[in-house]
Amino acid sequence: MTLINLEVKDKIALLTLNRPEALNALNSAMLGELFHSLKKLEEDDLRCLIVTGSGEKAFAAGADISEMVEMTPDEAEEFAAFGQKVFSYLSTFPCPVIAAIHGYALGGGFELVLACDIRIAADTARFSFPETGLAITPGCGGTQRLARLTQASYAMDLIFTGRRIKGEEALEKGIINRLVPAIELMDEAWKMAEGIATKAPLGVRMSKEAILRGLDLDLEKGLEVEAELFAECFNSSDQKDAMRAFLK
Ligand code: DAK
């Protein structure tokens, strides 16, 4: 059985974590498949990628505890390095990535959500970082991405206490973009992906790059990056074609 399901339709891909019997807990095999699936999808010149979890109960209930329990520090470092490589690859993937979240998004599952660009959650979604209760830290970007997305003190609140939050709080804190009834989750994600797919891919790709590169810069340097990427768009026939079509 494959641990990642892929479906591609009209340049939109749906990537589904497929280990529902373990609430899509992320083990090394699944991380490996995730990495190779992303590599494969990158060749498809996609307009948008949707990431979700199979089954009713979870997006992903974290890293696989049964695999982590007896790891040595060296093995944990190797696991961390590979996990971070996969999540960083996802977060800088060339097309927009939408997380469609239902049920539990815990630990590594929450981190996977945070590595996506846009997050749509069902009213069944529950988010938490149980790591401190397991005597570890989040290891796949949770301490960094949540603090940047919200505030350091809010990230500390969730990570130190491990408390579980619902969609309303996640929406209020800007962790998710939209909150919808569970039955509408995938339609909403596809609708958004299809909307993005109607835009010129170059404009979307360059905008994503400008936003991501600007995050670690001061405003002045960020504006330089924006100007550089704006100018680069004028190197393409896409820009000429799109503007001429408008003028016609
Ligand atoms: N790992 C392994 N198996 C898991 C699992 C997990 N994280 N979460 C659930 N399962 C398995 C259960 O063992 C159970 O398996 P069977 O007994 O049926 O064989 C099955 O999924 C169904 O789970 P439950 O029976 O527990 O279902 P409930 O509805 O009663 O409870 C629950 C659902 C989500 C509240 C509960 O399963 C739970 O608390 N799960 C553990 C949540 C958790 O602590 N997650 C891990 C946090 S630590 C890194 C990458 C990532 C991370 C770190 C480093 N690098 C690459 C370095 C992340 C770390 C974490 O995520």
# chains A, B, ... in the order shown; residues from 1 in each chain; ligands from 1

$ residues_around --residues "Val113 (chain A)" --least-positions-apart "2" --cutoff "12 Å" --atoms "only C-alpha atoms" --output "number ranges by chain"
A: 50-53, 59-62, 87, 90-91, 97-102, 104-111, 115-121, 125-128, 140-142, 145-146, 149, 170, 175-177

$ write_last_selection --atoms "C-alpha atoms" --output "compact mmCIF listing (two decimals), in the first residue's frame"
# COMPACT_ATOMS: atom_id res chain seq x y z
CA ILE A 50 -3.63 20.55 -2.18
CA VAL A 51 -2.40 18.50 0.79
CA THR A 52 -4.80 16.54 2.96
CA GLY A 53 -5.10 13.40 5.11
CA PHE A 59 -4.98 15.29 8.86
CA ALA A 60 -1.97 13.77 10.69
CA ALA A 61 -1.58 12.92 14.39
CA GLY A 62 2.13 13.75 14.41
CA PHE A 87 9.08 20.29 5.01
CA LEU A 90 7.17 21.77 0.62
CA SER A 91 7.25 25.34 1.97
CA VAL A 97 0.27 24.76 -1.59
CA ILE A 98 -3.10 24.59 0.20
CA ALA A 99 -3.52 22.46 3.33
CA ALA A 100 -7.07 21.06 3.66
CA ILE A 101 -7.28 20.08 7.31
CA HIS A 102 -9.85 17.93 9.07
CA TYR A 104 -6.30 16.07 14.32
CA ALA A 105 -3.32 18.09 13.12
CA LEU A 106 -0.92 17.38 15.96
CA GLY A 107 2.83 17.76 16.36
CA GLY A 108 4.45 16.94 13.03
CA GLY A 109 0.98 17.10 11.45
CA PHE A 110 0.57 20.69 12.68
CA GLU A 111 4.09 21.43 11.39
CA ALA A 115 4.74 24.48 5.97
CA CYS A 116 1.87 25.02 3.50
CA ASP A 117 1.06 28.45 2.05
CA ILE A 118 -2.67 28.61 2.70
CA ARG A 119 -4.66 26.68 5.28
CA ILE A 120 -8.34 25.78 5.04
CA ALA A 121 -9.73 23.93 8.04
CA ALA A 125 -9.93 20.36 12.94
CA ARG A 126 -7.93 20.30 16.18
CA PHE A 127 -4.40 21.62 16.45
CA SER A 128 -1.78 21.05 19.12
CA CYS A 140 10.06 20.06 11.91
CA GLY A 141 9.75 23.82 12.03
CA GLY A 142 6.97 24.21 14.62
CA ARG A 145 7.00 28.79 11.70
CA LEU A 146 4.33 29.26 14.37
CA LEU A 149 3.09 33.29 11.68
CA ALA A 170 -6.76 29.14 14.82
CA ILE A 175 -3.04 30.26 11.66
CA ILE A 176 -5.72 29.25 9.18
CA ASN A 177 -7.19 31.30 6.35

$ residues_near_ligand --ligand "ligand 1" --cutoff "9 Å" --atoms "only C-alpha atoms and all ligand atoms" --output "MDAnalysis selection string"
chainID A and resid 20:28 31 57:58 60:68 76:87 103:112 128:134 136:142

$ closest_atom_pairs --of "region 159-217 of chain A" --to "region 38-47 of chain A" --cutoff "10 Å" --atoms "only C-alpha atoms" --output "tab-separated table"
residue	atom	partner	partner_atom	distance
A:Ala193	CA	A:Arg47	CA	7.8
A:Glu194	CA	A:Arg47	CA	8.5
A:Gly195	CA	A:Arg47	CA	9.9
A:Ile196	CA	A:Arg47	CA	7.2
A:Ala197	CA	A:Arg47	CA	5.2
A:Thr198	CA	A:Arg47	CA	8.6
A:Lys199	CA	A:Arg47	CA	8.7
A:Ala200	CA	A:Arg47	CA	9.0
A:Pro201	CA	A:Arg47	CA	6.4
A:Leu202	CA	A:Arg47	CA	9.8
A:Val204	CA	A:Arg47	CA	8.7
A:Arg205	CA	A:Arg47	CA	8.9

$ write_last_selection --atoms "C-alpha atoms" --output "PDB file, in the first residue's frame"
ATOM      1  CA  ALA A 193      -7.028  25.974  -6.258  1.00  0.00           C
ATOM      2  CA  GLU A 194      -9.079  26.417  -9.434  1.00  0.00           C
ATOM      3  CA  GLY A 195      -9.255  30.165  -8.814  1.00  0.00           C
ATOM      4  CA  ILE A 196      -5.476  30.343  -8.456  1.00  0.00           C
ATOM      5  CA  ALA A 197      -5.095  28.185 -11.579  1.00  0.00           C
ATOM      6  CA  THR A 198      -6.901  30.824 -13.669  1.00  0.00           C
ATOM      7  CA  LYS A 199      -4.109  33.309 -12.934  1.00  0.00           C
ATOM      8  CA  ALA A 200      -0.886  33.515 -14.924  1.00  0.00           C
ATOM      9  CA  PRO A 201       1.468  30.953 -13.336  1.00  0.00           C
ATOM     10  CA  LEU A 202       4.441  33.282 -13.638  1.00  0.00           C
ATOM     11  CA  VAL A 204       1.689  33.586  -8.935  1.00  0.00           C
ATOM     12  CA  ARG A 205       5.102  31.920  -8.741  1.00  0.00           C
TER      13      ARG A 205
END

$ select_by_dssp --residues "region 10-242 of chain A" --states "alpha helix (DSSP H)" --output "count of residues only"
117

$ closest_residue --among "A:Phe234, A:Gln151, A:Leu185, A:Ala122" --to "Lys166 (chain A)" --atoms "only C-alpha atoms"
A:Ala122

$ closest_residue --among "A:Leu247, A:Thr150, A:Ser54, A:Pro96" --to "Ala189 (chain A)" --atoms "only C-alpha atoms"
A:Pro96

$ residues_around --residues "region 209-224 of chain A" --least-positions-apart "5" --cutoff "9 Å" --atoms "only C-alpha atoms" --output "MDAnalysis selection string"
chainID A and resid 91:92 94 148 204 229:230
